[in-house]
Structure formats: structure tokens, C-alpha cells
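Trainee: Just one file: coords_17.cif, with mmCIF, N, CA, C and O atoms.
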data_final
loop_
_atom_site.group_PDB
_atom_site.id
_atom_site.type_symbol
_atom_site.label_atom_id
_atom_site.label_comp_id
_atom_site.auth_asym_id
_atom_site.auth_seq_id
_atom_site.Cartn_x
_atom_site.Cartn_y
_atom_site.Cartn_z
ATOM 1 N N MET A 1 -7.581 -5.370 -44.698
ATOM 2 C CA MET A 1 -8.321 -4.570 -45.656
ATOM 3 C C MET A 1 -7.987 -3.075 -45.503
ATOM 4 O O MET A 1 -7.858 -2.372 -46.474
ATOM 5 N N THR A 2 -7.853 -2.631 -44.289
ATOM 6 C CA THR A 2 -7.549 -1.229 -44.042
ATOM 7 C C THR A 2 -6.157 -0.872 -44.556
ATOM 8 O O THR A 2 -5.957 0.208 -45.093
ATOM 9 N N PHE A 3 -5.211 -1.798 -44.400
ATOM 10 C CA PHE A 3 -3.853 -1.549 -44.869
ATOM 11 C C PHE A 3 -3.838 -1.320 -46.381
ATOM 12 O O PHE A 3 -3.157 -0.427 -46.871
ATOM 13 N N VAL A 4 -4.608 -2.117 -47.113
ATOM 14 C CA VAL A 4 -4.647 -1.997 -48.572
ATOM 15 C C VAL A 4 -5.236 -0.647 -48.978
ATOM 16 O O VAL A 4 -4.693 0.028 -49.859
ATOM 17 N N LYS A 5 -6.301 -0.226 -48.333
ATOM 18 C CA LYS A 5 -6.901 1.075 -48.656
ATOM 19 C C LYS A 5 -5.939 2.212 -48.335
ATOM 20 O O LYS A 5 -5.817 3.163 -49.102
ATOM 21 N N ASN A 6 -5.289 2.136 -47.185
ATOM 22 C CA ASN A 6 -4.324 3.178 -46.818
ATOM 23 C C ASN A 6 -3.160 3.210 -47.801
ATOM 24 O O ASN A 6 -2.702 4.282 -48.184
ATOM 25 N N TYR A 7 -2.676 2.045 -48.218
ATOM 26 C CA TYR A 7 -1.578 1.983 -49.174
ATOM 27 C C TYR A 7 -1.991 2.596 -50.510
ATOM 28 O O TYR A 7 -1.228 3.341 -51.123
ATOM 29 N N GLN A 8 -3.204 2.298 -50.955
ATOM 30 C CA GLN A 8 -3.689 2.858 -52.224
ATOM 31 C C GLN A 8 -3.823 4.373 -52.137
ATOM 32 O O GLN A 8 -3.494 5.086 -53.086
ATOM 33 N N ARG A 9 -4.297 4.873 -51.009
ATOM 34 C CA ARG A 9 -4.411 6.323 -50.822
ATOM 35 C C ARG A 9 -3.043 6.988 -50.820
ATOM 36 O O ARG A 9 -2.838 8.037 -51.427
ATOM 37 N N ILE A 10 -2.096 6.382 -50.127
ATOM 38 C CA ILE A 10 -0.744 6.938 -50.075
ATOM 39 C C ILE A 10 -0.108 6.904 -51.460
ATOM 40 O O ILE A 10 0.544 7.858 -51.880
ATOM 41 N N GLN A 11 -0.325 5.818 -52.185
ATOM 42 C CA GLN A 11 0.224 5.697 -53.533
ATOM 43 C C GLN A 11 -0.373 6.758 -54.460
ATOM 44 O O GLN A 11 0.335 7.387 -55.239
ATOM 45 N N MET A 12 -1.677 6.990 -54.366
ATOM 46 C CA MET A 12 -2.329 7.997 -55.188
ATOM 47 C C MET A 12 -1.836 9.402 -54.818
ATOM 48 O O MET A 12 -1.567 10.225 -55.694
ATOM 49 N N LEU A 13 -1.693 9.662 -53.535
ATOM 50 C CA LEU A 13 -1.187 10.956 -53.081
ATOM 51 C C LEU A 13 0.240 11.181 -53.556
ATOM 52 O O LEU A 13 0.588 12.273 -53.990
ATOM 53 N N ALA A 14 1.064 10.136 -53.506
ATOM 54 C CA ALA A 14 2.451 10.248 -53.967
ATOM 55 C C ALA A 14 2.501 10.560 -55.459
ATOM 56 O O ALA A 14 3.297 11.400 -55.904
ATOM 57 N N GLN A 15 1.643 9.912 -56.247
ATOM 58 C CA GLN A 15 1.607 10.199 -57.678
ATOM 59 C C GLN A 15 1.133 11.623 -57.945
ATOM 60 O O GLN A 15 1.692 12.313 -58.800
ATOM 61 N N LEU A 16 0.143 12.059 -57.217
ATOM 62 C CA LEU A 16 -0.364 13.417 -57.382
ATOM 63 C C LEU A 16 0.723 14.438 -57.041
ATOM 64 O O LEU A 16 0.938 15.393 -57.795
ATOM 65 N N LEU A 17 1.415 14.228 -55.942
ATOM 66 C CA LEU A 17 2.506 15.137 -55.557
ATOM 67 C C LEU A 17 3.639 15.118 -56.582
ATOM 68 O O LEU A 17 4.223 16.153 -56.891
ATOM 69 N N PHE A 18 3.937 13.954 -57.138
ATOM 70 C CA PHE A 18 4.977 13.855 -58.158
ATOM 71 C C PHE A 18 4.605 14.679 -59.383
ATOM 72 O O PHE A 18 5.422 15.434 -59.903
ATOM 73 N N TRP A 19 3.365 14.560 -59.863
ATOM 74 C CA TRP A 19 2.974 15.272 -61.084
ATOM 75 C C TRP A 19 2.837 16.766 -60.841
ATOM 76 O O TRP A 19 3.164 17.575 -61.710
ATOM 77 N N ILE A 20 2.391 17.158 -59.663
ATOM 78 C CA ILE A 20 2.330 18.595 -59.343
ATOM 79 C C ILE A 20 3.736 19.181 -59.304
ATOM 80 O O ILE A 20 3.989 20.249 -59.860
ATOM 81 N N SER A 21 4.661 18.457 -58.667
ATOM 82 C CA SER A 21 6.034 18.966 -58.627
ATOM 83 C C SER A 21 6.682 18.938 -60.007
ATOM 84 O O SER A 21 7.478 19.820 -60.343
ATOM 85 N N SER A 22 6.329 17.978 -60.830
ATOM 86 C CA SER A 22 6.855 17.925 -62.197
ATOM 87 C C SER A 22 6.386 19.118 -63.021
ATOM 88 O O SER A 22 7.171 19.736 -63.752
ATOM 89 N N ILE A 23 5.124 19.470 -62.895
ATOM 90 C CA ILE A 23 4.585 20.632 -63.610
ATOM 91 C C ILE A 23 5.224 21.914 -63.094
ATOM 92 O O ILE A 23 5.605 22.783 -63.876
ATOM 93 N N ALA A 24 5.361 22.012 -61.780
ATOM 94 C CA ALA A 24 5.981 23.210 -61.201
ATOM 95 C C ALA A 24 7.433 23.341 -61.643
ATOM 96 O O ALA A 24 7.897 24.436 -61.970
ATOM 97 N N PHE A 25 8.161 22.228 -61.680
ATOM 98 C CA PHE A 25 9.552 22.266 -62.129
ATOM 99 C C PHE A 25 9.645 22.680 -63.596
ATOM 100 O O PHE A 25 10.501 23.482 -63.979
ATOM 101 N N ALA A 26 8.767 22.122 -64.419
ATOM 102 C CA ALA A 26 8.791 22.458 -65.848
ATOM 103 C C ALA A 26 8.458 23.932 -66.064
ATOM 104 O O ALA A 26 9.114 24.608 -66.868
ATOM 105 N N LEU A 27 7.459 24.444 -65.359
ATOM 106 C CA LEU A 27 7.139 25.868 -65.481
ATOM 107 C C LEU A 27 8.303 26.733 -65.005
ATOM 108 O O LEU A 27 8.634 27.737 -65.632
ATOM 109 N N GLY A 28 8.924 26.344 -63.911
ATOM 110 C CA GLY A 28 10.048 27.100 -63.383
ATOM 111 C C GLY A 28 11.261 27.060 -64.288
ATOM 112 O O GLY A 28 12.032 28.023 -64.358
ATOM 113 N N SER A 29 11.433 25.971 -65.017
ATOM 114 C CA SER A 29 12.606 25.859 -65.880
ATOM 115 C C SER A 29 12.556 26.817 -67.063
ATOM 116 O O SER A 29 13.586 27.183 -67.614
ATOM 117 N N PHE A 30 11.368 27.240 -67.463
ATOM 118 C CA PHE A 30 11.262 28.207 -68.556
ATOM 119 C C PHE A 30 11.766 29.588 -68.135
ATOM 120 O O PHE A 30 12.177 30.382 -68.966
ATOM 121 N N TYR A 31 11.716 29.883 -66.849
ATOM 122 C CA TYR A 31 12.045 31.221 -66.376
ATOM 123 C C TYR A 31 13.504 31.356 -65.940
ATOM 124 O O TYR A 31 13.895 32.375 -65.417
ATOM 125 N N VAL A 32 14.302 30.323 -66.161
ATOM 126 C CA VAL A 32 15.716 30.371 -65.809
ATOM 127 C C VAL A 32 16.488 31.178 -66.848
ATOM 128 O O VAL A 32 17.462 31.839 -66.530
ATOM 129 N N ALA A 33 16.025 31.118 -68.079
ATOM 130 C CA ALA A 33 16.722 31.823 -69.158
ATOM 131 C C ALA A 33 16.649 33.323 -68.931
ATOM 132 O O ALA A 33 15.591 33.867 -68.601
ATOM 133 N N PRO A 34 17.764 34.009 -69.105
ATOM 134 C CA PRO A 34 17.750 35.465 -68.904
ATOM 135 C C PRO A 34 16.883 36.159 -69.955
ATOM 136 O O PRO A 34 16.875 35.797 -71.112
ATOM 137 N N GLY A 35 16.120 37.122 -69.508
ATOM 138 C CA GLY A 35 15.288 37.909 -70.402
ATOM 139 C C GLY A 35 13.999 37.237 -70.814
ATOM 140 O O GLY A 35 13.285 37.721 -71.690
ATOM 141 N N TYR A 36 13.670 36.101 -70.192
ATOM 142 C CA TYR A 36 12.438 35.406 -70.570
ATOM 143 C C TYR A 36 11.240 36.119 -69.972
ATOM 144 O O TYR A 36 11.227 36.448 -68.802
ATOM 145 N N GLN A 37 10.240 36.373 -70.778
ATOM 146 C CA GLN A 37 9.021 37.061 -70.344
ATOM 147 C C GLN A 37 7.998 36.044 -69.839
ATOM 148 O O GLN A 37 7.790 35.010 -70.473
ATOM 149 N N PHE A 38 7.350 36.353 -68.741
ATOM 150 C CA PHE A 38 6.313 35.487 -68.176
ATOM 151 C C PHE A 38 5.074 35.525 -69.063
ATOM 152 O O PHE A 38 4.477 36.573 -69.262
ATOM 153 N N ASN A 39 4.719 34.385 -69.654
ATOM 154 C CA ASN A 39 3.532 34.283 -70.483
ATOM 155 C C ASN A 39 2.918 32.904 -70.244
ATOM 156 O O ASN A 39 3.240 31.934 -70.923
ATOM 157 N N LEU A 40 2.038 32.827 -69.271
ATOM 158 C CA LEU A 40 1.464 31.555 -68.854
ATOM 159 C C LEU A 40 0.665 30.897 -69.969
ATOM 160 O O LEU A 40 0.705 29.671 -70.128
ATOM 161 N N ALA A 41 -0.035 31.674 -70.771
ATOM 162 C CA ALA A 41 -0.838 31.108 -71.857
ATOM 163 C C ALA A 41 0.041 30.405 -72.892
ATOM 164 O O ALA A 41 -0.366 29.416 -73.490
ATOM 165 N N LYS A 42 1.247 30.904 -73.099
ATOM 166 C CA LYS A 42 2.179 30.277 -74.032
ATOM 167 C C LYS A 42 2.890 29.077 -73.413
ATOM 168 O O LYS A 42 3.223 28.122 -74.113
ATOM 169 N N ASP A 43 3.120 29.128 -72.112
ATOM 170 C CA ASP A 43 3.929 28.112 -71.460
ATOM 171 C C ASP A 43 3.155 26.861 -71.069
ATOM 172 O O ASP A 43 3.738 25.776 -71.015
ATOM 173 N N ILE A 44 1.872 26.983 -70.801
ATOM 174 C CA ILE A 44 1.088 25.813 -70.394
ATOM 175 C C ILE A 44 1.095 24.715 -71.461
ATOM 176 O O ILE A 44 1.288 23.550 -71.117
ATOM 177 N N PRO A 45 0.903 25.019 -72.752
ATOM 178 C CA PRO A 45 0.981 23.928 -73.743
ATOM 179 C C PRO A 45 2.358 23.263 -73.793
ATOM 180 O O PRO A 45 2.449 22.041 -73.952
ATOM 181 N N LYS A 46 3.405 24.028 -73.637
ATOM 182 C CA LYS A 46 4.757 23.452 -73.621
ATOM 183 C C LYS A 46 4.916 22.504 -72.441
ATOM 184 O O LYS A 46 5.465 21.415 -72.575
ATOM 185 N N VAL A 47 4.452 22.932 -71.290
ATOM 186 C CA VAL A 47 4.556 22.108 -70.082
ATOM 187 C C VAL A 47 3.686 20.862 -70.223
ATOM 188 O O VAL A 47 4.093 19.769 -69.810
ATOM 189 N N ALA A 48 2.518 21.002 -70.814
ATOM 190 C CA ALA A 48 1.635 19.852 -71.001
ATOM 191 C C ALA A 48 2.289 18.809 -71.909
ATOM 192 O O ALA A 48 2.260 17.611 -71.608
ATOM 193 N N ILE A 49 2.898 19.247 -73.004
ATOM 194 C CA ILE A 49 3.564 18.321 -73.916
ATOM 195 C C ILE A 49 4.748 17.655 -73.223
ATOM 196 O O ILE A 49 4.943 16.435 -73.338
ATOM 197 N N LEU A 50 5.512 18.422 -72.498
ATOM 198 C CA LEU A 50 6.649 17.880 -71.765
ATOM 199 C C LEU A 50 6.197 16.831 -70.751
ATOM 200 O O LEU A 50 6.770 15.738 -70.670
ATOM 201 N N ASN A 51 5.139 17.126 -70.011
ATOM 202 C CA ASN A 51 4.666 16.194 -68.990
ATOM 203 C C ASN A 51 3.950 14.986 -69.583
ATOM 204 O O ASN A 51 3.964 13.919 -68.983
ATOM 205 N N LEU A 52 3.334 15.134 -70.738
ATOM 206 C CA LEU A 52 2.725 13.967 -71.387
ATOM 207 C C LEU A 52 3.802 12.969 -71.803
ATOM 208 O O LEU A 52 3.640 11.760 -71.642
ATOM 209 N N GLY A 53 4.908 13.486 -72.339
ATOM 210 C CA GLY A 53 6.018 12.599 -72.678
ATOM 211 C C GLY A 53 6.607 11.935 -71.453
ATOM 212 O O GLY A 53 6.910 10.733 -71.456
ATOM 213 N N LEU A 54 6.752 12.694 -70.396
ATOM 214 C CA LEU A 54 7.268 12.145 -69.141
ATOM 215 C C LEU A 54 6.305 11.103 -68.575
ATOM 216 O O LEU A 54 6.721 10.031 -68.131
ATOM 217 N N ALA A 55 5.010 11.405 -68.606
ATOM 218 C CA ALA A 55 4.010 10.464 -68.091
ATOM 219 C C ALA A 55 4.023 9.169 -68.892
ATOM 220 O O ALA A 55 3.917 8.075 -68.330
ATOM 221 N N PHE A 56 4.160 9.273 -70.204
ATOM 222 C CA PHE A 56 4.219 8.084 -71.045
ATOM 223 C C PHE A 56 5.395 7.200 -70.620
ATOM 224 O O PHE A 56 5.241 5.993 -70.416
ATOM 225 N N GLY A 57 6.560 7.807 -70.477
ATOM 226 C CA GLY A 57 7.736 7.040 -70.074
ATOM 227 C C GLY A 57 7.606 6.430 -68.692
ATOM 228 O O GLY A 57 7.956 5.260 -68.477
ATOM 229 N N VAL A 58 7.082 7.202 -67.756
ATOM 230 C CA VAL A 58 6.939 6.710 -66.383
ATOM 231 C C VAL A 58 5.964 5.539 -66.320
ATOM 232 O O VAL A 58 6.264 4.485 -65.740
ATOM 233 N N TYR A 59 4.794 5.680 -66.936
ATOM 234 C CA TYR A 59 3.780 4.633 -66.822
ATOM 235 C C TYR A 59 4.079 3.419 -67.684
ATOM 236 O O TYR A 59 3.679 2.304 -67.337
ATOM 237 N N VAL A 60 4.810 3.566 -68.779
ATOM 238 C CA VAL A 60 5.255 2.389 -69.542
ATOM 239 C C VAL A 60 6.205 1.576 -68.670
ATOM 240 O O VAL A 60 6.113 0.341 -68.619
ATOM 241 N N ASN A 61 7.098 2.244 -67.973
ATOM 242 C CA ASN A 61 8.009 1.527 -67.086
ATOM 243 C C ASN A 61 7.280 0.873 -65.926
ATOM 244 O O ASN A 61 7.503 -0.299 -65.629
ATOM 245 N N ILE A 62 6.406 1.636 -65.259
ATOM 246 C CA ILE A 62 5.731 1.118 -64.069
ATOM 247 C C ILE A 62 4.745 -0.003 -64.396
ATOM 248 O O ILE A 62 4.685 -1.014 -63.700
ATOM 249 N N LEU A 63 3.973 0.162 -65.461
ATOM 250 C CA LEU A 63 2.894 -0.780 -65.739
ATOM 251 C C LEU A 63 3.275 -1.929 -66.671
ATOM 252 O O LEU A 63 2.646 -2.981 -66.622
ATOM 253 N N ILE A 64 4.304 -1.736 -67.501
ATOM 254 C CA ILE A 64 4.625 -2.771 -68.486
ATOM 255 C C ILE A 64 6.008 -3.379 -68.253
ATOM 256 O O ILE A 64 6.138 -4.590 -68.080
ATOM 257 N N LEU A 65 7.037 -2.547 -68.291
ATOM 258 C CA LEU A 65 8.396 -3.080 -68.285
ATOM 259 C C LEU A 65 8.818 -3.695 -66.956
ATOM 260 O O LEU A 65 9.415 -4.777 -66.937
ATOM 261 N N ILE A 66 8.541 -3.026 -65.854
ATOM 262 C CA ILE A 66 8.942 -3.565 -64.551
ATOM 263 C C ILE A 66 8.235 -4.885 -64.240
ATOM 264 O O ILE A 66 8.895 -5.862 -63.897
ATOM 265 N N PRO A 67 6.903 -4.956 -64.390
ATOM 266 C CA PRO A 67 6.275 -6.256 -64.124
ATOM 267 C C PRO A 67 6.716 -7.358 -65.093
ATOM 268 O O PRO A 67 6.836 -8.516 -64.715
ATOM 269 N N ARG A 68 6.969 -6.979 -66.328
ATOM 270 C CA ARG A 68 7.314 -7.995 -67.335
ATOM 271 C C ARG A 68 8.728 -8.545 -67.162
ATOM 272 O O ARG A 68 8.951 -9.733 -67.331
ATOM 273 N N PHE A 69 9.671 -7.685 -66.825
ATOM 274 C CA PHE A 69 11.064 -8.126 -66.784
ATOM 275 C C PHE A 69 11.625 -8.256 -65.378
ATOM 276 O O PHE A 69 12.253 -9.263 -65.057
ATOM 277 N N LEU A 70 11.450 -7.258 -64.542
ATOM 278 C CA LEU A 70 12.108 -7.301 -63.240
ATOM 279 C C LEU A 70 11.417 -8.210 -62.237
ATOM 280 O O LEU A 70 12.079 -8.948 -61.519
ATOM 281 N N LYS A 71 10.103 -8.167 -62.190
ATOM 282 C CA LYS A 71 9.412 -8.991 -61.199
ATOM 283 C C LYS A 71 9.472 -10.476 -61.543
ATOM 284 O O LYS A 71 9.386 -11.317 -60.678
ATOM 285 N N LYS A 72 9.634 -10.805 -62.824
ATOM 286 C CA LYS A 72 9.759 -12.197 -63.218
ATOM 287 C C LYS A 72 11.221 -12.618 -63.367
ATOM 288 O O LYS A 72 11.509 -13.716 -63.782
ATOM 289 N N LYS A 73 12.121 -11.695 -63.061
ATOM 290 C CA LYS A 73 13.569 -11.915 -63.149
ATOM 291 C C LYS A 73 13.992 -12.290 -64.564
ATOM 292 O O LYS A 73 14.899 -13.089 -64.765
ATOM 293 N N ASN A 74 13.329 -11.708 -65.562
ATOM 294 C CA ASN A 74 13.724 -11.886 -66.968
ATOM 295 C C ASN A 74 14.593 -10.714 -67.364
ATOM 296 O O ASN A 74 14.190 -9.833 -68.108
ATOM 297 N N TYR A 75 15.801 -10.688 -66.879
ATOM 298 C CA TYR A 75 16.700 -9.571 -67.148
ATOM 299 C C TYR A 75 17.170 -9.634 -68.595
ATOM 300 O O TYR A 75 17.390 -10.703 -69.149
ATOM 301 N N ILE A 76 17.359 -8.482 -69.174
ATOM 302 C CA ILE A 76 17.824 -8.428 -70.559
ATOM 303 C C ILE A 76 19.338 -8.517 -70.555
ATOM 304 O O ILE A 76 20.021 -7.892 -69.807
#
Kindly present the structure from the file in C-alpha cells form.

Mentor:
Amino acid sequence: MTFVKNYQRIQMLAQLLFWISSIAFALGSFYVAPGYQFNLAKDIPKVAILNLGLAFGVYVNILILIPRFLKKKNYI
């Protein structure tokens, strides 16, 4: 029982760290362009839209496609 709880905590922490690093990377990528002005109020909606699309793709794969095809060995 303890192993399952620890695994769930580690899995949740890993997901949290992944999304924090994803947001940080997306925010940082806006500032690579030369002459770009720092405007957090403008950039947060862009980052949110970018991460929502990424989250959709990640969780569709994790929750639907992998269990449906790979775990049952139904390769396309």
C-alpha cells in the first residue's frame, strides 16, 4: 500500500515539474527574438494557449492512445 501511495506522489510531482518547466520554456522562448520587449500581461495568454494544446496532446496520448493500442499490442 505504501509503494502505491509513494508512486502516485512521485508521478504527480513529475507531472507538476513537467508543466512548470513547460511554462518556463514557453515564456523564455518569447524572449529569444532580438528586440522583444518584456510584457508579462501579453505573454501569459500566449503561453496558456500553447500549454493547453500541449496538455491536450500529452493527455490524449497518455490516457487514450497508449492504453488502447500499445498496452494491448494493437499496433497500427

Trainee: Figure out the distance between atom O of Val58 of chain A and atom CA of Phe30 of chain A, please, to one decimal in Å.

Mentor: 24.4 Å

Trainee: Determine the residue set returned by the PyMOL selection byres ((chain A and resi 17-28) around 8) for the present structure, and present it as number ranges by chain.

Mentor: A: 10-16, 29-33, 43-44, 46-48, 50-51

Trainee: One decimal, in Å: what's the spacing between atom C of Gly57 of chain A and atom N of Phe69 of chain A?

Mentor: 14.4 Å

Trainee: Find the distance between atom N of Arg68 of chain A and atom C of Phe56 of chain A and write it in Å to one decimal.

Mentor: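 Result for atom N of Arg68 of chain A versus atom C of Phe56 of chain A: 14.9 Å, one decimal.
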
Trainee: As lines of an AutoDock Vina configuration file, please: the centre and edge lengths in Å, to one decimal, of an axis-aligned box enclosing every listed atom of segment 26-39 of chain A with 5 Å added on each side.

Mentor:
center_x = 10.3
center_y = 30.0
center_z = -67.5
size_x = 24.8
size_y = 25.8
size_z = 18.3

Trainee: Taking the DSSP assignment computed from this structure's backbone, write out as a PyMOL selection string all residues of chain A that belong to alpha helix (DSSP H).

Mentor: chain A and resi 2-30+40-60
